[in-house]
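run.cif, holding mmCIF, C-alpha atoms:
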data_start
loop_
_atom_site.label_atom_id
_atom_site.label_comp_id
_atom_site.auth_asym_id
_atom_site.auth_seq_id
_atom_site.Cartn_x
_atom_site.Cartn_y
_atom_site.Cartn_z
CA MET A 19 0.00 0.00 0.00
CA ASN A 20 1.18 3.52 -0.76
CA LYS A 21 1.99 5.91 2.06
CA VAL A 22 -1.01 7.25 3.97
CA VAL A 23 -0.83 11.01 4.59
CA ILE A 24 -3.08 13.30 6.64
CA VAL A 25 -3.01 16.98 5.64
CA THR A 26 -4.79 19.30 8.07
CA GLY A 27 -6.33 22.53 6.85
CA ALA A 28 -6.31 21.11 3.32
CA SER A 29 -9.30 22.86 1.77
CA ARG A 30 -7.50 26.10 0.89
CA GLY A 31 -4.14 27.75 0.32
CA ILE A 32 -0.93 25.92 1.17
CA GLY A 33 -2.70 22.87 2.58
CA ARG A 34 -4.80 22.42 -0.54
CA ASN A 35 -1.74 22.49 -2.77
CA ILE A 36 0.15 20.08 -0.50
CA ALA A 37 -2.76 17.64 -0.61
CA THR A 38 -2.99 17.96 -4.39
CA THR A 39 0.75 17.52 -4.91
CA LEU A 40 1.00 14.41 -2.74
CA ALA A 41 -2.15 12.85 -4.21
CA LYS A 42 -0.80 13.29 -7.73
CA LYS A 43 2.42 11.59 -6.60
CA GLY A 44 0.45 8.51 -5.58
CA TYR A 45 0.11 9.05 -1.85
CA ILE A 46 -3.14 8.12 -0.11
CA VAL A 47 -4.31 11.52 1.08
CA ILE A 48 -6.81 12.36 3.79
CA ALA A 49 -7.61 16.07 3.41
CA ASN A 50 -8.87 17.54 6.66
CA TYR A 51 -11.05 20.64 6.72
CA ASN A 52 -13.20 22.39 9.31
CA LYS A 53 -15.37 25.23 7.96
CA SER A 54 -14.67 25.17 4.22
CA GLU A 55 -16.69 22.11 3.26
CA ASN A 56 -17.49 23.35 -0.25
CA LYS A 57 -13.79 23.92 -0.95
CA ALA A 58 -12.93 20.44 0.33
CA ILE A 59 -15.59 18.81 -1.84
CA GLU A 60 -14.36 20.84 -4.81
CA LEU A 61 -10.80 19.61 -4.19
CA GLN A 62 -11.98 16.01 -4.03
CA GLN A 63 -14.04 16.34 -7.22
CA ASN A 64 -11.27 18.10 -9.15
CA LEU A 65 -8.86 15.27 -8.38
CA LYS A 66 -11.48 12.65 -9.20
CA LYS A 67 -11.63 14.09 -12.73
CA GLU A 68 -7.99 12.99 -13.02
CA ASN A 69 -8.85 9.54 -11.62
CA ILE A 70 -7.26 10.41 -8.28
CA ASN A 71 -9.24 9.58 -5.15
CA ILE A 72 -8.73 11.31 -1.81
CA ASP A 73 -10.68 11.24 1.44
CA ILE A 74 -11.98 14.44 2.96
CA PHE A 75 -12.74 14.60 6.68
CA LYS A 76 -14.29 17.40 8.72
CA ALA A 77 -12.60 17.97 12.06
CA ASP A 78 -11.70 20.97 14.18
CA VAL A 79 -8.12 19.99 15.01
CA SER A 80 -8.03 22.44 17.89
CA ASN A 81 -10.38 19.97 19.63
CA ARG A 82 -8.75 16.76 20.83
CA ASP A 83 -11.94 14.69 20.53
CA GLU A 84 -12.28 15.64 16.88
CA VAL A 85 -8.60 14.86 16.27
CA LYS A 86 -9.22 11.41 17.77
CA LYS A 87 -12.10 10.87 15.34
CA LEU A 88 -9.94 11.91 12.38
CA VAL A 89 -7.10 9.60 13.38
CA GLN A 90 -9.46 6.71 14.10
CA PHE A 91 -11.11 7.13 10.69
CA VAL A 92 -7.74 6.78 8.99
CA ILE A 93 -6.64 3.81 11.11
CA ASN A 94 -9.96 2.00 10.59
CA LYS A 95 -9.77 2.48 6.82
CA TYR A 96 -6.06 2.14 6.09
CA LYS A 97 -4.60 0.48 9.23
CA LYS A 98 -1.68 2.92 9.33
CA ILE A 99 -0.58 6.56 9.20
CA ASP A 100 2.76 7.18 7.53
CA CYS A 101 2.82 10.96 7.49
CA VAL A 102 1.06 13.97 8.96
CA ILE A 103 1.27 17.52 7.60
CA ASN A 104 0.14 19.88 10.37
CA ASN A 105 -0.92 22.85 8.27
CA ALA A 106 -4.19 24.06 9.83
CA GLY A 107 -3.98 27.47 11.45
CA ILE A 108 -5.29 31.02 11.69
CA ASP A 109 -3.82 34.52 11.55
CA GLN A 110 -4.77 37.85 13.09
CA VAL A 111 -3.24 41.30 12.74
CA LYS A 112 -3.66 43.22 15.99
CA MET A 113 -1.67 45.59 18.16
CA PHE A 114 -0.26 43.79 21.18
CA LEU A 115 -2.13 45.94 23.71
CA ASP A 116 -5.41 45.23 21.91
CA ILE A 117 -5.06 41.43 22.01
CA THR A 118 -7.76 39.99 24.28
CA ASP A 119 -7.61 36.77 26.27
CA ALA A 120 -10.01 35.28 23.74
CA ASP A 121 -7.73 36.32 20.84
CA TRP A 122 -4.70 34.80 22.55
CA ASN A 123 -6.39 31.54 23.51
CA ASN A 124 -7.94 31.15 20.07
CA MET A 125 -4.57 31.62 18.38
CA ILE A 126 -2.74 29.16 20.64
CA SER A 127 -5.58 26.66 20.37
CA ASN A 128 -5.70 26.69 16.56
CA ASN A 129 -1.99 27.00 15.78
CA LEU A 130 -0.20 25.19 18.61
CA ASN A 131 -2.64 22.98 20.50
CA SER A 132 -3.78 21.48 17.19
CA VAL A 133 -0.23 20.32 16.45
CA PHE A 134 0.14 18.98 20.00
CA TYR A 135 -3.10 16.98 19.69
CA MET A 136 -2.30 15.60 16.24
CA CYS A 137 1.18 14.53 17.27
CA GLN A 138 -0.01 12.85 20.47
CA GLU A 139 -2.74 10.95 18.64
CA VAL A 140 -0.70 9.69 15.66
CA LEU A 141 2.65 8.99 17.31
CA PRO A 142 1.58 5.75 19.07
CA TYR A 143 0.85 4.23 15.65
CA MET A 144 4.13 5.50 14.20
CA ILE A 145 6.12 4.26 17.19
CA HIS A 146 4.54 0.82 16.78
CA GLU A 147 5.70 0.74 13.16
CA LYS A 148 9.10 2.30 13.97
CA ASN A 149 8.49 4.66 11.07
CA GLY A 150 6.81 7.97 10.37
CA VAL A 151 7.09 11.56 9.21
CA ILE A 152 5.52 14.67 10.72
CA ILE A 153 5.86 18.04 9.01
CA ASN A 154 4.64 21.13 10.83
CA ILE A 155 3.94 24.25 8.80
CA SER A 156 5.14 27.16 10.93
CA SER A 157 6.12 30.64 9.73
CA ILE A 158 8.96 33.08 9.24
CA TRP A 159 7.34 35.08 12.07
CA GLY A 160 7.96 32.23 14.47
CA VAL A 161 11.67 32.70 13.77
CA THR A 162 11.90 36.50 13.65
CA GLY A 163 8.91 37.67 15.68
CA ALA A 164 6.22 39.88 14.15
CA SER A 165 5.03 43.37 14.96
CA CYS A 166 1.23 43.48 15.35
CA GLU A 167 1.08 39.67 15.21
CA SER A 168 2.82 38.71 18.44
CA HIS A 169 0.32 36.00 19.40
CA TYR A 170 0.65 34.47 15.93
CA ALA A 171 4.45 34.58 16.15
CA VAL A 172 4.41 32.96 19.60
CA SER A 173 2.17 30.15 18.38
CA LYS A 174 4.48 29.40 15.45
CA ALA A 175 7.63 29.62 17.56
CA GLY A 176 5.99 27.07 19.83
CA VAL A 177 5.44 24.79 16.85
CA ASP A 178 9.14 25.01 15.99
CA ALA A 179 10.17 24.25 19.58
CA LEU A 180 7.82 21.26 19.66
CA THR A 181 9.28 20.08 16.35
CA LYS A 182 12.85 20.09 17.69
CA SER A 183 11.90 18.48 20.99
CA LEU A 184 9.91 15.66 19.36
CA ALA A 185 12.64 15.06 16.78
CA LYS A 186 15.04 14.29 19.63
CA GLU A 187 12.54 12.13 21.49
CA MET A 188 11.22 10.21 18.48
CA GLY A 189 14.48 9.77 16.56
CA PRO A 190 15.22 6.37 18.12
CA SER A 191 11.85 5.17 16.77
CA ASN A 192 12.84 6.23 13.23
CA ILE A 193 10.27 9.02 13.20
CA ARG A 194 11.37 12.24 11.51
CA ILE A 195 9.82 15.54 12.53
CA ASN A 196 10.51 18.87 10.81
CA SER A 197 9.02 22.33 10.43
CA ILE A 198 8.68 24.30 7.24
CA ALA A 199 8.64 28.04 7.86
CA PRO A 200 7.24 29.87 4.83
CA GLY A 201 7.96 33.53 4.24
CA PHE A 202 5.52 35.66 2.28
CA ILE A 203 3.39 33.27 0.23
CA ASP A 204 0.61 34.28 -2.16
CA THR A 205 -2.45 32.96 -0.31
CA GLU A 206 -5.82 34.22 0.92
CA MET A 207 -4.23 34.84 4.32
CA ASN A 208 -2.33 37.78 2.80
CA ASN A 209 -5.27 39.29 0.93
CA ASN A 210 -5.47 42.06 3.54
CA LEU A 211 -2.43 43.71 1.90
CA ASN A 212 -2.77 46.03 -1.07
CA GLU A 213 -0.51 45.95 -4.13
CA GLU A 214 1.71 48.75 -2.85
CA GLU A 215 2.32 46.89 0.42
CA LYS A 216 3.06 43.69 -1.48
CA GLN A 217 5.55 45.54 -3.68
CA GLU A 218 7.36 46.88 -0.60
CA ILE A 219 7.73 43.33 0.71
CA LYS A 220 9.03 42.13 -2.67
CA GLU A 221 11.77 44.72 -2.49
CA GLU A 222 12.90 43.34 0.89
CA ILE A 223 13.21 39.80 -0.49
CA PRO A 224 16.51 38.99 -2.24
CA LEU A 225 14.73 37.01 -4.97
CA GLN A 226 12.43 40.02 -5.50
CA LYS A 227 9.27 37.94 -5.68
CA ILE A 228 6.49 36.57 -3.54
CA GLY A 229 6.46 32.83 -2.92
CA LYS A 230 3.90 30.44 -4.35
CA VAL A 231 2.10 27.62 -2.58
CA GLU A 232 3.97 25.24 -4.90
CA ASP A 233 7.25 26.35 -3.33
CA VAL A 234 6.06 25.00 0.01
CA SER A 235 4.55 21.84 -1.48
CA ARG A 236 7.79 20.91 -3.24
CA THR A 237 9.61 21.23 0.08
CA VAL A 238 7.02 19.03 1.78
CA GLU A 239 7.40 16.40 -0.93
CA TRP A 240 11.17 16.43 -0.51
CA ILE A 241 10.99 16.05 3.28
CA VAL A 242 8.41 13.26 3.08
CA GLU A 243 10.66 11.28 0.73
CA ASP A 244 13.90 12.01 2.59
CA GLU A 245 15.35 9.59 5.16
CA TYR A 246 17.85 11.58 7.22
CA ILE A 247 16.58 15.10 7.86
CA THR A 248 14.93 15.71 11.22
CA GLY A 249 14.54 18.44 13.82
CA GLN A 250 14.96 21.22 11.27
CA VAL A 251 13.09 24.47 10.68
CA ILE A 252 13.36 24.81 6.91
CA SER A 253 12.86 28.34 5.61
CA VAL A 254 11.04 28.81 2.32
CA ASN A 255 11.24 32.58 1.99
CA GLY A 256 13.26 33.71 -1.02
CA GLY A 257 16.12 34.77 1.24
CA TRP A 258 14.03 37.11 3.38
CA LEU A 259 15.89 35.98 6.53
CA ILE A 260 19.41 36.68 5.23
#
As structure tokens, how would this structure be written, given the file I've shared?
Amino acid sequence: MNKVVIVTGASRGIGRNIATTLAKKGYIVIANYNKSENKAIELQQNLKKENINIDIFKADVSNRDEVKKLVQFVINKYKKIDCVINNAGIDQVKMFLDITDADWNNMISNNLNSVFYMCQEVLPYMIHEKNGVIINISSIWGVTGASCESHYAVSKAGVDALTKSLAKEMGPSNIRINSIAPGFIDTEMNNNLNEEEKQEIKEEIPLQKIGKVEDVSRTVEWIVEDEYITGQVISVNGGWLI
């Protein structure tokens, strides 16, 4: 059987392209979504036109009980989980002094707790098989910090710290865990910026261009197929961090 891969937050943006890329490469893909059911169905139908079948599964991965249901669905159907791409997350632009407790808790719940829950629920199966790959999609802001997005930056820095810690702990079980930290990628999440603001960012990036979702997906594909890279935060940012 081909490798079984769960992609969280797969109905839109980076997650959608990751799910599409891996499905076209022959992986068995379970595309998780929460609110964007129509987008998830559209993804499934588009791939079916190319004779590629994927599963879609609704689950709020910030809720452990729903994570359990997602994982159990995959185990019941395929008997294994080879890889998890923790992509689901939210963003919010807000001045630090305006961030409410609800804002903070919502950010940590969606961006960090979701990764914690997914990892805890899938790792027992990976440990049993002495094999597995987890890729966490973090952010350049988790590395550098972000003005007016401090709670977002903290959540992504936490993802990177969890990645490194689990890589050390799970290495002896032949489970590789890495983060991919995208820079500025052309997705709906960045639609709040106008063209002038986007141009200013381009000028800060050595490659002088905004990243595409495919840039992240190619990196995911490489890490999934690799055998020796673990515990890394891999920057996909056109040199923005130099």
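Neighbouring residues of Arg194 (chain A) at 10 Å or closer, counting all atoms listed in the file and skipping chain neighbours under 6 positions away, are Cys101, Asn149, Gly150, Val151, Ile152, Ile153, Thr181, Leu184, Ala185, Lys186, Met188, Ile241, Val242, Asp244, Glu245, Tyr246, Ile247, Thr248, Gly249 and Gln250 of chain A.
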Atomic separation - CA of Arg30 (chain A) relative to CA of Thr205 (chain A), Å: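 Spanning CA of Thr205 (chain A) to CA of Arg30 (chain A) is a straight-line distance of 8.6 Å.
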The PyMOL selection byres ((chain A and resi 232) around 10) applied to the shown file, residues as an mmCIF file with C-alpha atoms, in the frame of the given file:
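Written file, result.cif:
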data_model
loop_
_atom_site.group_PDB
_atom_site.id
_atom_site.type_symbol
_atom_site.label_atom_id
_atom_site.label_comp_id
_atom_site.auth_asym_id
_atom_site.auth_seq_id
_atom_site.Cartn_x
_atom_site.Cartn_y
_atom_site.Cartn_z
ATOM 1 C CA GLY A 31 -4.140 27.750 0.320
ATOM 2 C CA ILE A 32 -0.930 25.920 1.170
ATOM 3 C CA ASN A 35 -1.740 22.490 -2.770
ATOM 4 C CA ILE A 36 0.150 20.080 -0.500
ATOM 5 C CA THR A 39 0.750 17.520 -4.910
ATOM 6 C CA ILE A 203 3.390 33.270 0.230
ATOM 7 C CA GLY A 229 6.460 32.830 -2.920
ATOM 8 C CA LYS A 230 3.900 30.440 -4.350
ATOM 9 C CA VAL A 231 2.100 27.620 -2.580
ATOM 10 C CA ASP A 233 7.250 26.350 -3.330
ATOM 11 C CA VAL A 234 6.060 25.000 0.010
ATOM 12 C CA SER A 235 4.550 21.840 -1.480
ATOM 13 C CA ARG A 236 7.790 20.910 -3.240
ATOM 14 C CA THR A 237 9.610 21.230 0.080
ATOM 15 C CA VAL A 238 7.020 19.030 1.780
#
Spatial neighbours of Gly160 (chain A), max dist 9 Å, only C-alpha atoms, sep filter under 3 positions, as a list of chain:residue names: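 After dropping sequence-adjacent residues, the list is A:Ser156, A:Ser157, A:Gly163, A:Ala164, A:Tyr170, A:Ala171, A:Val172, A:Ser173, A:Lys174, A:Ala175, A:Gly176, A:Val177, A:Asp178, A:Ala199.
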Residue nearest Lys95 (chain A) - candidates A:Ala37, A:Cys166, A:Ala49, A:Val22, atoms counted: all atoms listed in the file: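 So, comparing all the options, the nearest one is A:Val22.
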Output of the PyMOL selection byres ((chain A and resi 104) around 7), listed as a list in words: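 Taken on the displayed file, the PyMOL selection byres ((chain A and resi 104) around 7) yields the residues Val25, Thr26, Val102, Ile103, Asn105, Ala106, Val133, Ile153, Asn154 and Ile155 of chain A.
With CA of Lys87 (chain A) on one side and CA of Gly33 (chain A) on the other, the separation reads 19.9 Å.
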